[in-house]
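Okay, work-v2.txt is below, compact mmCIF, C-alpha atoms:
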# COMPACT_ATOMS: atom_id res chain seq x y z
CA MET U 1 19.31 1.83 19.03
CA LYS U 2 17.37 3.63 16.31
CA LYS U 3 14.04 1.97 15.62
CA LEU U 4 11.79 2.65 12.66
CA ILE U 5 8.18 1.76 11.99
CA ILE U 6 7.38 1.32 8.30
CA ILE U 7 3.73 2.01 7.50
CA PRO U 8 2.78 1.05 3.96
CA ALA U 9 -0.37 2.93 2.95
CA TYR U 10 -2.52 2.49 -0.13
CA ASN U 11 -5.89 4.29 0.00
CA GLU U 12 -5.80 4.42 3.79
CA SER U 13 -7.25 7.91 4.27
CA GLU U 14 -9.75 6.53 6.83
CA ASN U 15 -7.14 4.83 9.01
CA ILE U 16 -3.76 6.43 8.54
CA LEU U 17 -4.12 9.30 10.99
CA ASN U 18 -5.41 6.99 13.70
CA THR U 19 -2.61 4.48 13.06
CA VAL U 20 0.06 7.16 13.46
CA LYS U 21 -1.63 8.52 16.60
CA CYS U 22 -1.65 5.05 18.16
CA ILE U 23 2.04 4.71 17.39
CA GLU U 24 2.91 8.06 18.90
CA GLU U 25 1.02 7.13 22.07
CA ASP U 26 1.91 3.47 22.49
CA ALA U 27 5.38 3.31 20.95
CA PRO U 28 6.97 6.71 21.57
CA ASP U 29 10.55 5.43 21.32
CA PHE U 30 10.00 4.42 17.70
CA ASP U 31 10.31 6.71 14.68
CA TYR U 32 7.86 6.08 11.88
CA VAL U 33 7.65 6.64 8.15
CA VAL U 34 4.50 6.28 6.07
CA ILE U 35 5.05 5.00 2.54
CA ASN U 36 2.23 6.34 0.40
CA ASP U 37 2.00 3.85 -2.47
CA CYS U 38 0.48 6.32 -4.95
CA SER U 39 -2.94 6.21 -3.24
CA LYS U 40 -5.90 7.21 -5.37
CA ASP U 41 -7.77 8.75 -2.45
CA ASN U 42 -6.65 11.76 -0.40
CA THR U 43 -4.11 9.87 1.73
CA LEU U 44 -1.32 12.15 0.47
CA GLU U 45 -3.31 15.26 1.41
CA ILE U 46 -3.84 13.94 4.94
CA LEU U 47 -0.13 13.13 5.26
CA GLU U 48 0.84 16.64 4.11
CA ASN U 49 -1.74 18.58 6.12
CA ASN U 50 -0.91 16.79 9.36
CA HIS U 51 2.85 17.06 8.76
CA LEU U 52 3.39 13.35 9.13
CA ASN U 53 6.73 11.84 8.17
CA PHE U 54 6.13 10.19 4.81
CA VAL U 55 7.69 9.08 1.55
CA ASN U 56 5.50 9.47 -1.51
CA LEU U 57 5.89 6.90 -4.31
CA PRO U 58 5.15 8.52 -7.68
CA VAL U 59 4.12 5.14 -9.17
CA ASN U 60 2.12 2.38 -7.48
CA LEU U 61 4.53 -0.43 -6.62
CA GLY U 62 2.33 -2.78 -4.60
CA ILE U 63 2.81 -3.74 -0.97
CA GLY U 64 6.24 -5.35 -1.46
CA GLY U 65 7.69 -2.40 -3.33
CA ALA U 66 6.27 0.03 -0.77
CA VAL U 67 7.62 -1.84 2.25
CA GLN U 68 10.97 -2.22 0.50
CA THR U 69 11.10 1.56 0.14
CA GLY U 70 10.69 1.68 3.92
CA TYR U 71 13.66 -0.66 4.36
CA GLN U 72 15.72 1.52 2.01
CA TYR U 73 14.75 4.56 4.07
CA ALA U 74 15.80 2.70 7.23
CA LEU U 75 19.13 1.78 5.66
CA GLU U 76 19.88 5.30 4.42
CA ASN U 77 18.98 6.86 7.75
CA GLY U 78 20.99 4.47 9.85
CA TYR U 79 18.24 2.56 11.65
CA ASP U 80 19.20 -0.62 13.51
CA VAL U 81 15.70 -2.05 13.68
CA ALA U 82 12.73 -1.77 11.33
CA VAL U 83 9.20 -3.05 11.83
CA GLN U 84 6.26 -3.09 9.49
CA VAL U 85 2.93 -1.87 10.86
CA ASP U 86 0.09 -1.88 8.36
CA GLY U 87 -1.73 1.39 7.73
CA ASP U 88 -5.16 -0.10 8.28
CA GLY U 89 -4.92 -0.37 12.05
CA GLN U 90 -4.70 -4.17 12.23
CA HIS U 91 -1.38 -4.15 14.03
CA ASP U 92 -1.44 -2.85 17.58
CA PRO U 93 1.69 -0.80 18.42
CA LYS U 94 1.39 -1.96 22.05
CA PHE U 95 3.11 -5.18 21.02
CA LEU U 96 6.13 -3.40 19.53
CA GLY U 97 7.98 -3.31 22.85
CA ASN U 98 7.67 -7.07 23.20
CA LEU U 99 8.75 -7.66 19.62
CA PHE U 100 11.82 -5.50 20.19
CA GLU U 101 12.77 -7.14 23.49
CA THR U 102 12.52 -10.56 21.87
CA LEU U 103 14.62 -9.44 18.90
CA VAL U 104 17.39 -8.25 21.22
CA LYS U 105 17.15 -11.00 23.83
CA GLU U 106 17.05 -13.87 21.33
CA ASN U 107 19.51 -12.15 18.98
CA ALA U 108 17.04 -12.88 16.20
CA ASP U 109 17.19 -11.58 12.65
CA MET U 110 13.42 -11.34 12.40
CA VAL U 111 10.58 -11.46 14.90
CA ILE U 112 7.09 -12.10 13.58
CA GLY U 113 3.96 -11.14 15.48
CA SER U 114 1.76 -14.21 15.23
CA ARG U 115 -2.01 -14.45 15.74
CA PHE U 116 -1.91 -18.21 16.08
CA ILE U 117 0.30 -18.88 19.08
CA LYS U 118 -2.24 -17.88 21.68
CA ASN U 119 -5.15 -17.68 19.24
CA GLU U 120 -6.37 -14.42 20.73
CA GLY U 121 -7.79 -11.39 18.98
CA PHE U 122 -9.11 -11.30 15.42
CA GLN U 123 -8.40 -14.71 13.91
CA SER U 124 -9.11 -13.93 10.26
CA THR U 125 -11.73 -15.82 8.27
CA PHE U 126 -11.94 -19.61 8.07
CA MET U 127 -10.77 -19.78 4.44
CA ARG U 128 -7.77 -17.59 5.18
CA ARG U 129 -6.81 -19.72 8.15
CA VAL U 130 -6.90 -22.77 5.87
CA GLY U 131 -4.54 -20.97 3.49
CA ILE U 132 -2.24 -19.89 6.31
CA THR U 133 -2.06 -23.44 7.73
CA TYR U 134 -1.16 -24.68 4.27
CA PHE U 135 1.75 -22.21 4.04
CA THR U 136 2.89 -23.15 7.55
CA LYS U 137 3.03 -26.80 6.47
CA LEU U 138 4.72 -25.99 3.15
CA ILE U 139 7.44 -23.92 4.82
CA HIS U 140 7.88 -26.59 7.50
CA SER U 141 8.32 -29.35 4.94
CA LEU U 142 10.94 -27.34 3.04
CA THR U 143 12.90 -25.75 5.86
CA GLY U 144 11.99 -27.79 8.95
CA LYS U 145 10.97 -24.61 10.78
CA THR U 146 7.47 -23.92 12.04
CA ILE U 147 6.10 -20.46 11.34
CA THR U 148 2.56 -20.32 12.66
CA ASP U 149 1.65 -17.04 10.94
CA PRO U 150 3.66 -16.83 7.71
CA THR U 151 1.35 -14.21 6.17
CA SER U 152 1.67 -11.79 9.08
CA GLY U 153 2.92 -8.39 7.98
CA PHE U 154 3.69 -7.44 11.58
CA ARG U 155 7.40 -8.19 11.46
CA MET U 156 10.48 -6.65 13.00
CA CYS U 157 13.98 -7.12 11.67
CA ASN U 158 17.54 -6.22 12.47
CA ARG U 159 20.09 -4.29 10.42
CA ARG U 160 21.25 -7.37 8.55
CA VAL U 161 17.75 -8.09 7.23
CA ILE U 162 17.14 -4.40 6.51
CA GLU U 163 20.20 -4.48 4.23
CA LEU U 164 19.01 -7.65 2.54
CA PHE U 165 15.41 -6.50 2.04
CA SER U 166 16.38 -3.10 0.67
CA LYS U 167 18.11 -4.87 -2.18
CA ASP U 168 15.86 -7.86 -2.63
CA TYR U 169 12.22 -8.07 -1.61
CA PRO U 170 9.30 -9.68 -3.44
CA ARG U 171 6.98 -7.22 -5.13
CA ASP U 172 3.57 -8.63 -4.27
CA TYR U 173 2.52 -10.86 -1.38
CA PRO U 174 6.04 -10.78 0.03
CA GLU U 175 5.60 -12.22 3.52
CA PRO U 176 5.80 -16.04 3.22
CA GLU U 177 8.40 -15.93 0.46
CA SER U 178 10.72 -13.57 2.32
CA ILE U 179 10.57 -15.76 5.44
CA VAL U 180 11.87 -18.67 3.35
CA ALA U 181 14.56 -16.36 1.92
CA LEU U 182 15.77 -15.70 5.47
CA LEU U 183 15.53 -19.32 6.62
CA LYS U 184 17.50 -20.46 3.55
CA ARG U 185 20.26 -18.08 4.68
CA LYS U 186 20.19 -19.75 8.11
CA MET U 187 18.93 -16.55 9.70
CA LYS U 188 17.03 -16.69 12.96
CA VAL U 189 13.29 -16.12 12.60
CA ILE U 190 11.11 -16.36 15.69
CA GLU U 191 7.51 -15.60 16.51
CA VAL U 192 5.86 -13.92 19.46
CA PRO U 193 2.13 -13.96 20.20
CA VAL U 194 0.18 -10.81 19.28
CA GLN U 195 -3.47 -9.92 18.91
CA MET U 196 -4.59 -8.33 15.69
CA LYS U 197 -7.68 -6.25 15.13
CA GLU U 198 -10.08 -6.51 12.29
CA ARG U 199 -9.20 -3.83 9.76
CA GLN U 200 -10.82 -0.58 10.83
CA GLY U 201 -11.74 0.70 7.38
CA GLY U 202 -10.64 0.59 3.77
CA GLU U 203 -10.36 -2.60 1.78
CA SER U 204 -8.13 -5.66 1.97
CA SER U 205 -5.79 -6.12 -0.97
CA ILE U 206 -6.83 -9.75 -1.38
CA ASN U 207 -10.36 -10.55 -2.59
CA ALA U 208 -11.86 -13.90 -3.62
CA SER U 209 -10.59 -13.96 -7.20
CA LYS U 210 -7.14 -12.81 -6.16
CA SER U 211 -6.85 -15.47 -3.47
CA VAL U 212 -6.46 -18.26 -6.03
CA TYR U 213 -3.71 -16.29 -7.74
CA TYR U 214 -2.23 -15.59 -4.31
CA MET U 215 -2.06 -19.27 -3.33
CA ILE U 216 -0.46 -20.35 -6.62
CA LYS U 217 1.93 -17.43 -6.89
CA VAL U 218 3.16 -17.63 -3.30
CA SER U 219 3.49 -21.44 -3.42
CA LEU U 220 5.63 -21.25 -6.56
CA ALA U 221 7.64 -18.36 -5.14
CA ILE U 222 8.37 -20.39 -2.01
CA LEU U 223 9.33 -23.49 -4.00
CA ILE U 224 11.65 -21.49 -6.28
CA GLU U 225 13.13 -19.60 -3.33
CA ASN U 226 13.85 -22.99 -1.80
CA LEU U 227 15.91 -23.91 -4.90
CA ARG U 228 18.18 -20.88 -4.50
CA LYS U 229 21.52 -21.44 -2.88
CA TYR U 230 23.18 -18.96 -0.55
CA LYS U 231 26.55 -18.85 1.10
CA VAL U 232 25.95 -18.91 4.82
CA MET C 1 3.50 -22.96 -53.27
CA THR C 2 2.16 -21.23 -56.33
CA VAL C 3 4.17 -18.54 -58.09
CA GLN C 4 1.57 -15.87 -57.18
CA LEU C 5 1.84 -16.68 -53.48
CA ARG C 6 5.64 -16.63 -53.65
CA ILE C 7 5.65 -13.21 -55.30
CA ILE C 8 3.16 -11.82 -52.77
CA LEU C 9 5.19 -13.22 -49.85
CA PHE C 10 8.41 -11.89 -51.33
CA ILE C 11 7.02 -8.36 -51.64
CA LEU C 12 5.46 -8.51 -48.17
CA ILE C 13 8.73 -9.57 -46.62
CA LEU C 14 10.66 -6.82 -48.34
CA LEU C 15 8.10 -4.25 -47.18
CA THR C 16 8.20 -5.55 -43.60
CA PHE C 17 11.96 -5.54 -43.65
CA ALA C 18 11.97 -1.96 -44.93
CA LEU C 19 9.52 -1.00 -42.17
CA PHE C 20 11.75 -2.50 -39.50
CA VAL C 21 14.86 -0.77 -40.83
CA ASP C 22 13.00 2.52 -41.04
CA GLN C 23 11.67 2.23 -37.48
CA ILE C 24 15.11 1.34 -36.16
CA LYS C 25 16.56 4.28 -38.08
CA GLN C 26 14.01 6.56 -36.41
CA LYS C 27 14.88 4.94 -33.07
CA LYS C 28 11.32 3.81 -32.48
CA LEU C 29 12.42 0.19 -32.32
CA LYS C 30 15.45 -1.29 -30.65
CA LEU C 31 17.61 -3.48 -32.86
CA GLN C 32 18.10 -5.76 -29.86
CA TYR C 33 14.42 -6.73 -29.80
CA THR C 34 13.93 -6.86 -33.58
CA LEU C 35 16.69 -9.35 -34.31
CA THR C 36 14.34 -12.31 -33.75
CA TRP C 37 11.83 -10.73 -36.13
CA MET C 38 14.59 -10.33 -38.71
CA LEU C 39 15.48 -14.00 -38.36
CA LEU C 40 11.85 -14.96 -38.91
CA LEU C 41 11.70 -12.77 -42.03
CA LEU C 42 14.91 -14.25 -43.34
CA PHE C 43 13.54 -17.76 -42.82
CA ILE C 44 10.35 -17.00 -44.76
CA LEU C 45 12.37 -15.27 -47.45
CA ILE C 46 14.62 -18.29 -48.03
CA VAL C 47 11.64 -20.62 -48.09
CA THR C 48 9.87 -18.37 -50.59
CA VAL C 49 12.83 -18.21 -52.94
CA PHE C 50 13.67 -21.91 -52.62
CA PRO C 51 10.39 -23.70 -51.87
CA GLY C 52 12.10 -27.03 -52.48
CA ILE C 53 13.79 -26.69 -49.09
CA LEU C 54 10.39 -26.89 -47.43
CA GLY C 55 9.52 -30.29 -48.85
CA PHE C 56 13.01 -31.55 -48.14
CA VAL C 57 13.13 -30.50 -44.47
CA ALA C 58 9.52 -31.53 -43.86
CA ASN C 59 10.38 -34.95 -45.19
CA ILE C 60 13.40 -35.29 -42.89
CA MET C 61 11.39 -34.17 -39.84
CA GLY C 62 8.54 -36.50 -40.66
CA ILE C 63 6.02 -33.71 -41.21
CA ALA C 64 3.49 -34.82 -43.80
CA LEU C 65 2.59 -31.44 -45.29
CA PRO C 66 5.28 -28.78 -45.95
CA ILE C 67 2.78 -26.05 -45.04
CA ASN C 68 2.50 -27.53 -41.53
CA MET C 69 6.21 -27.02 -41.13
CA ILE C 70 5.74 -23.33 -41.87
CA PHE C 71 3.14 -23.15 -39.13
CA PHE C 72 5.38 -25.10 -36.78
CA PHE C 73 8.40 -22.87 -37.30
CA GLY C 74 6.30 -19.72 -37.36
CA PHE C 75 4.90 -20.75 -33.98
CA LEU C 76 8.36 -21.47 -32.59
CA PHE C 77 9.70 -18.10 -33.71
CA THR C 78 6.68 -16.34 -32.22
CA LEU C 79 7.27 -18.08 -28.90
CA VAL C 80 10.91 -16.99 -28.90
CA ILE C 81 9.86 -13.41 -29.62
CA ILE C 82 7.27 -13.45 -26.82
CA TYR C 83 9.78 -15.00 -24.44
CA ARG C 84 12.26 -12.23 -25.17
CA LEU C 85 9.53 -9.67 -24.54
CA THR C 86 8.65 -11.29 -21.20
CA MET C 87 12.31 -11.10 -20.23
CA ALA C 88 12.44 -7.44 -21.23
CA VAL C 89 9.28 -6.68 -19.22
CA SER C 90 10.63 -8.45 -16.12
CA LYS C 91 13.88 -6.56 -16.28
CA GLN C 92 12.15 -3.25 -16.85
CA SER C 93 9.66 -3.68 -14.04
CA GLU C 94 12.59 -4.23 -11.65
CA GLU C 95 14.33 -1.15 -13.03
CA ILE C 96 11.21 1.00 -12.84
CA LYS C 97 10.62 -0.13 -9.26
CA PHE C 98 14.17 0.82 -8.31
CA LEU C 99 13.87 4.23 -10.01
CA THR C 100 10.50 4.93 -8.38
CA GLN C 101 11.94 4.19 -4.94
CA LYS C 102 15.00 6.31 -5.62
CA VAL C 103 12.89 9.25 -6.80
CA ALA C 104 10.58 8.99 -3.78
CA LEU C 105 13.48 8.87 -1.31
CA LEU C 106 15.27 11.78 -3.01
CA GLU C 107 12.07 13.83 -3.00
CA LYS C 108 11.75 13.11 0.71
CA GLU C 109 15.33 14.25 1.29
CA ILE C 110 14.77 17.49 -0.62
CA ASN C 111 11.52 18.23 1.20
CA ASP C 112 13.20 17.64 4.57
CA LYS C 113 15.96 20.10 3.71
CA HIS C 114 13.46 22.82 2.83
CA LYS C 115 11.67 22.56 6.16

Represent the supplied structure as structure tokens.
Amino acid sequence: MKKLIIIPAYNESENILNTVKCIEEDAPDFDYVVINDCSKDNTLEILENNHLNFVNLPVNLGIGGAVQTGYQYALENGYDVAVQVDGDGQHDPKFLGNLFETLVKENADMVIGSRFIKNEGFQSTFMRRVGITYFTKLIHSLTGKTITDPTSGFRMCNRRVIELFSKDYPRDYPEPESIVALLKRKMKVIEVPVQMKERQGGESSINASKSVYYMIKVSLAILIENLRKYKV
Amino acid sequence: MTVQLRIILFILILLTFALFVDQIKQKKLKLQYTLTWMLLLLFILIVTVFPGILGFVANIMGIALPINMIFFFGFLFTLVIIYRLTMAVSKQSEEIKFLTQKVALLEKEINDKHK
């Protein structure tokens, strides 16, 4: 099976090289592609000089658009499995093997690496955990399924989901919404425990003023997604 | 409405209409997105030529002052125009996203071939 790691990178010059090195060491059976989302710093230069495998977006598309490009790349190049690993070093490639085994063994459409099953590793800030719990409850009340870490970007999916996401993926803050999109299609989404690290440099895309927008936008997106009807 | 105001409005509308037609002719504006503007102009034009309509319709709709009806309809038309623009922006952002991704992936393919 061909397995691809999608690494979205926006202004990740401090972390990107280290992230790719970790992947090459800890997950050698995976291919990777870095999606440079029109970074303003010298991320592109680093990618070129170190001959990393990358796709360079000429216009900034935001995290959703960048990751979707990764799914399109996976589709075009015949990958069976794709997993998102953030460029900031939060996601430890050591867990990829476990994610993959679970995907195959459980015949799942998506496997999410969750921080909140074993509650080990970096647990995010208190306010963020409140927000995450809220999304867990919202998704549970709409779909009946419990996703303990709906905002986790550390997610692996099969060919079927790769096809779906390359056509249709939310542009910003895509994680919780796209889980609901899968659950509405009666696809199998399961979680496995992982530990995440605190980001090793660079800046998070969500600051205080954006978090209010985030909560409202993602809530509405989930509610509207829940209204959509799909043939199963 | 006084006669002066009606004349001024009439001239203004004709000028605006001419501007629209000229811009469409030069392909700086798309007819598709100017149709709502045209409707608005037509509405004001009719009201200017036959101000009696204003009082009549305002009366039927229970609006006390005819001028308020102008504001009301002007506001409605503006909302329709803005709504159409929002639709256009949504569609275009999707299209631009798709094109950006396509360009990036093609560039990647070309670069790989040259290696």

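Within 10 Å of chain U, and using all atoms listed in the file, the residues found on chain C are Ser93, Glu94, Ile96, Lys97, Phe98, Leu99, Thr100, Gln101, Lys102, Val103, Ala104, Leu105, Leu106, Glu107, Lys108, Glu109, Asn111 and Asp112 of chain C.
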
So which residues touch segment 212-225 of chain U within 12 Å, counting all atoms listed in the file, skipping near sequence neighbours fewer than 2 positions away, as a PyMOL selection string? chain U and resi 127-128+130-143+150-151+169-185+205-210+227-230

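Considering the residues U:Ser13, U:Ser124, U:Asn158, U:Asn107 and counting only C-alpha atoms, Gln90 of chain U has its shortest atom-to-atom contact with U:Ser124.
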
Pick out the residues sitting within 12 Å of Val21 of chain C, and hand them over as a list in words; count only C-alpha atoms, and ignore anything fewer than 6 positions along from it in its own chain.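 Once the nearby chain positions are removed, what remains is Leu14, Leu15, Lys27, Lys28, Leu29, Lys30, Leu31, Thr34, Leu35, Trp37 and Met38 of chain C.
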
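The space separating atom CA of His114 of chain C from atom CA of Glu48 of chain U comes to 14.1 Å.
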
Distance criterion (all atoms listed in the file): nearest to Ile67 of chain C out of C:Met1, C:Ser90, C:Ile82, C:Ile8: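 Using all atoms listed in the file, the shortest distance to Ile67 of chain C belongs to C:Met1.
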
Could you tell me which of C:Leu41, C:Phe56, C:Tyr33, C:Gly74 comes closest to Met87 of chain C if we count only C-alpha atoms? C:Tyr33

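Going from atom CA of Cys157 of chain U over to atom CA of Met196 of chain U, you cover 19.0 Å.
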
Between atom CA of Tyr32 of chain U and atom CA of Lys118 of chain U, distance in Å (one decimal): 27.8 Å

Because the input lacks atoms here, generate all heavy atoms for segment 18-29 of chain U and report them as a tab-separated table (two decimals), in the coordinates of the input.
chain	number	residue	atom	x	y	z
U	18	ASN	N	-5.21	7.74	12.47
U	18	ASN	CA	-5.41	6.99	13.70
U	18	ASN	C	-4.23	6.05	13.97
U	18	ASN	O	-3.75	5.94	15.11
U	18	ASN	CB	-6.71	6.19	13.58
U	18	ASN	CG	-7.20	5.74	14.93
U	18	ASN	OD1	-6.89	6.39	15.94
U	18	ASN	ND2	-7.92	4.64	14.96
U	19	THR	N	-3.76	5.40	12.92
U	19	THR	CA	-2.61	4.48	13.06
U	19	THR	C	-1.40	5.23	13.60
U	19	THR	O	-0.74	4.77	14.54
U	19	THR	CB	-2.27	3.86	11.69
U	19	THR	OG1	-3.43	3.21	11.16
U	19	THR	CG2	-1.15	2.85	11.81
U	20	VAL	N	-1.11	6.40	13.02
U	20	VAL	CA	0.06	7.16	13.46
U	20	VAL	C	-0.13	7.65	14.90
U	20	VAL	O	0.80	7.61	15.71
U	20	VAL	CB	0.32	8.34	12.50
U	20	VAL	CG1	1.41	9.25	13.05
U	20	VAL	CG2	0.72	7.84	11.12
U	21	LYS	N	-1.36	8.07	15.23
U	21	LYS	CA	-1.63	8.52	16.60
U	21	LYS	C	-1.37	7.42	17.60
U	21	LYS	O	-0.75	7.64	18.65
U	21	LYS	CB	-3.09	9.00	16.70
U	21	LYS	CG	-3.19	10.52	16.70
U	21	LYS	CD	-4.63	10.94	16.91
U	21	LYS	CE	-4.90	12.22	16.14
U	21	LYS	NZ	-6.31	12.32	15.72
U	22	CYS	N	-1.87	6.21	17.28
U	22	CYS	CA	-1.65	5.05	18.16
U	22	CYS	C	-0.16	4.81	18.37
U	22	CYS	O	0.28	4.51	19.48
U	22	CYS	CB	-2.26	3.78	17.55
U	22	CYS	SG	-4.03	3.69	17.73
U	23	ILE	N	0.59	4.95	17.30
U	23	ILE	CA	2.04	4.71	17.39
U	23	ILE	C	2.69	5.75	18.29
U	23	ILE	O	3.50	5.42	19.15
U	23	ILE	CB	2.66	4.74	15.98
U	23	ILE	CG1	2.33	3.44	15.23
U	23	ILE	CG2	4.17	4.94	16.05
U	23	ILE	CD1	2.67	3.47	13.78
U	24	GLU	N	2.30	7.00	18.09
U	24	GLU	CA	2.91	8.06	18.90
U	24	GLU	C	2.60	7.88	20.38
U	24	GLU	O	3.42	8.18	21.25
U	24	GLU	CB	2.45	9.43	18.39
U	24	GLU	CG	3.22	9.83	17.13
U	24	GLU	CD	2.65	11.07	16.45
U	24	GLU	OE1	1.48	11.42	16.73
U	24	GLU	OE2	3.37	11.66	15.62
U	25	GLU	N	1.39	7.35	20.67
U	25	GLU	CA	1.02	7.13	22.07
U	25	GLU	C	1.66	5.88	22.65
U	25	GLU	O	2.21	5.90	23.74
U	25	GLU	CB	-0.50	7.00	22.19
U	25	GLU	CG	-1.20	8.34	22.29
U	25	GLU	CD	-2.70	8.20	22.14
U	25	GLU	OE1	-3.24	7.14	22.55
U	25	GLU	OE2	-3.33	9.12	21.60
U	26	ASP	N	1.54	4.77	21.91
U	26	ASP	CA	1.91	3.47	22.49
U	26	ASP	C	3.35	3.05	22.22
U	26	ASP	O	3.86	2.12	22.84
U	26	ASP	CB	0.96	2.38	21.95
U	26	ASP	CG	-0.45	2.62	22.44
U	26	ASP	OD1	-0.60	3.14	23.54
U	26	ASP	OD2	-1.40	2.29	21.69
U	27	ALA	N	3.99	3.69	21.24
U	27	ALA	CA	5.38	3.31	20.95
U	27	ALA	C	6.21	4.56	20.72
U	27	ALA	O	6.72	4.80	19.63
U	27	ALA	CB	5.44	2.39	19.73
U	28	PRO	N	6.34	5.40	21.76
U	28	PRO	CA	6.97	6.71	21.57
U	28	PRO	C	8.47	6.64	21.27
U	28	PRO	O	9.03	7.59	20.73
U	28	PRO	CB	6.73	7.41	22.92
U	28	PRO	CG	6.47	6.32	23.89
U	28	PRO	CD	5.88	5.19	23.14
U	29	ASP	N	9.12	5.50	21.58
U	29	ASP	CA	10.55	5.43	21.32
U	29	ASP	C	10.85	4.96	19.89
U	29	ASP	O	12.00	4.76	19.53
U	29	ASP	CB	11.24	4.51	22.34
U	29	ASP	CG	10.55	3.18	22.48
U	29	ASP	OD1	9.35	3.10	22.16
U	29	ASP	OD2	11.21	2.20	22.90
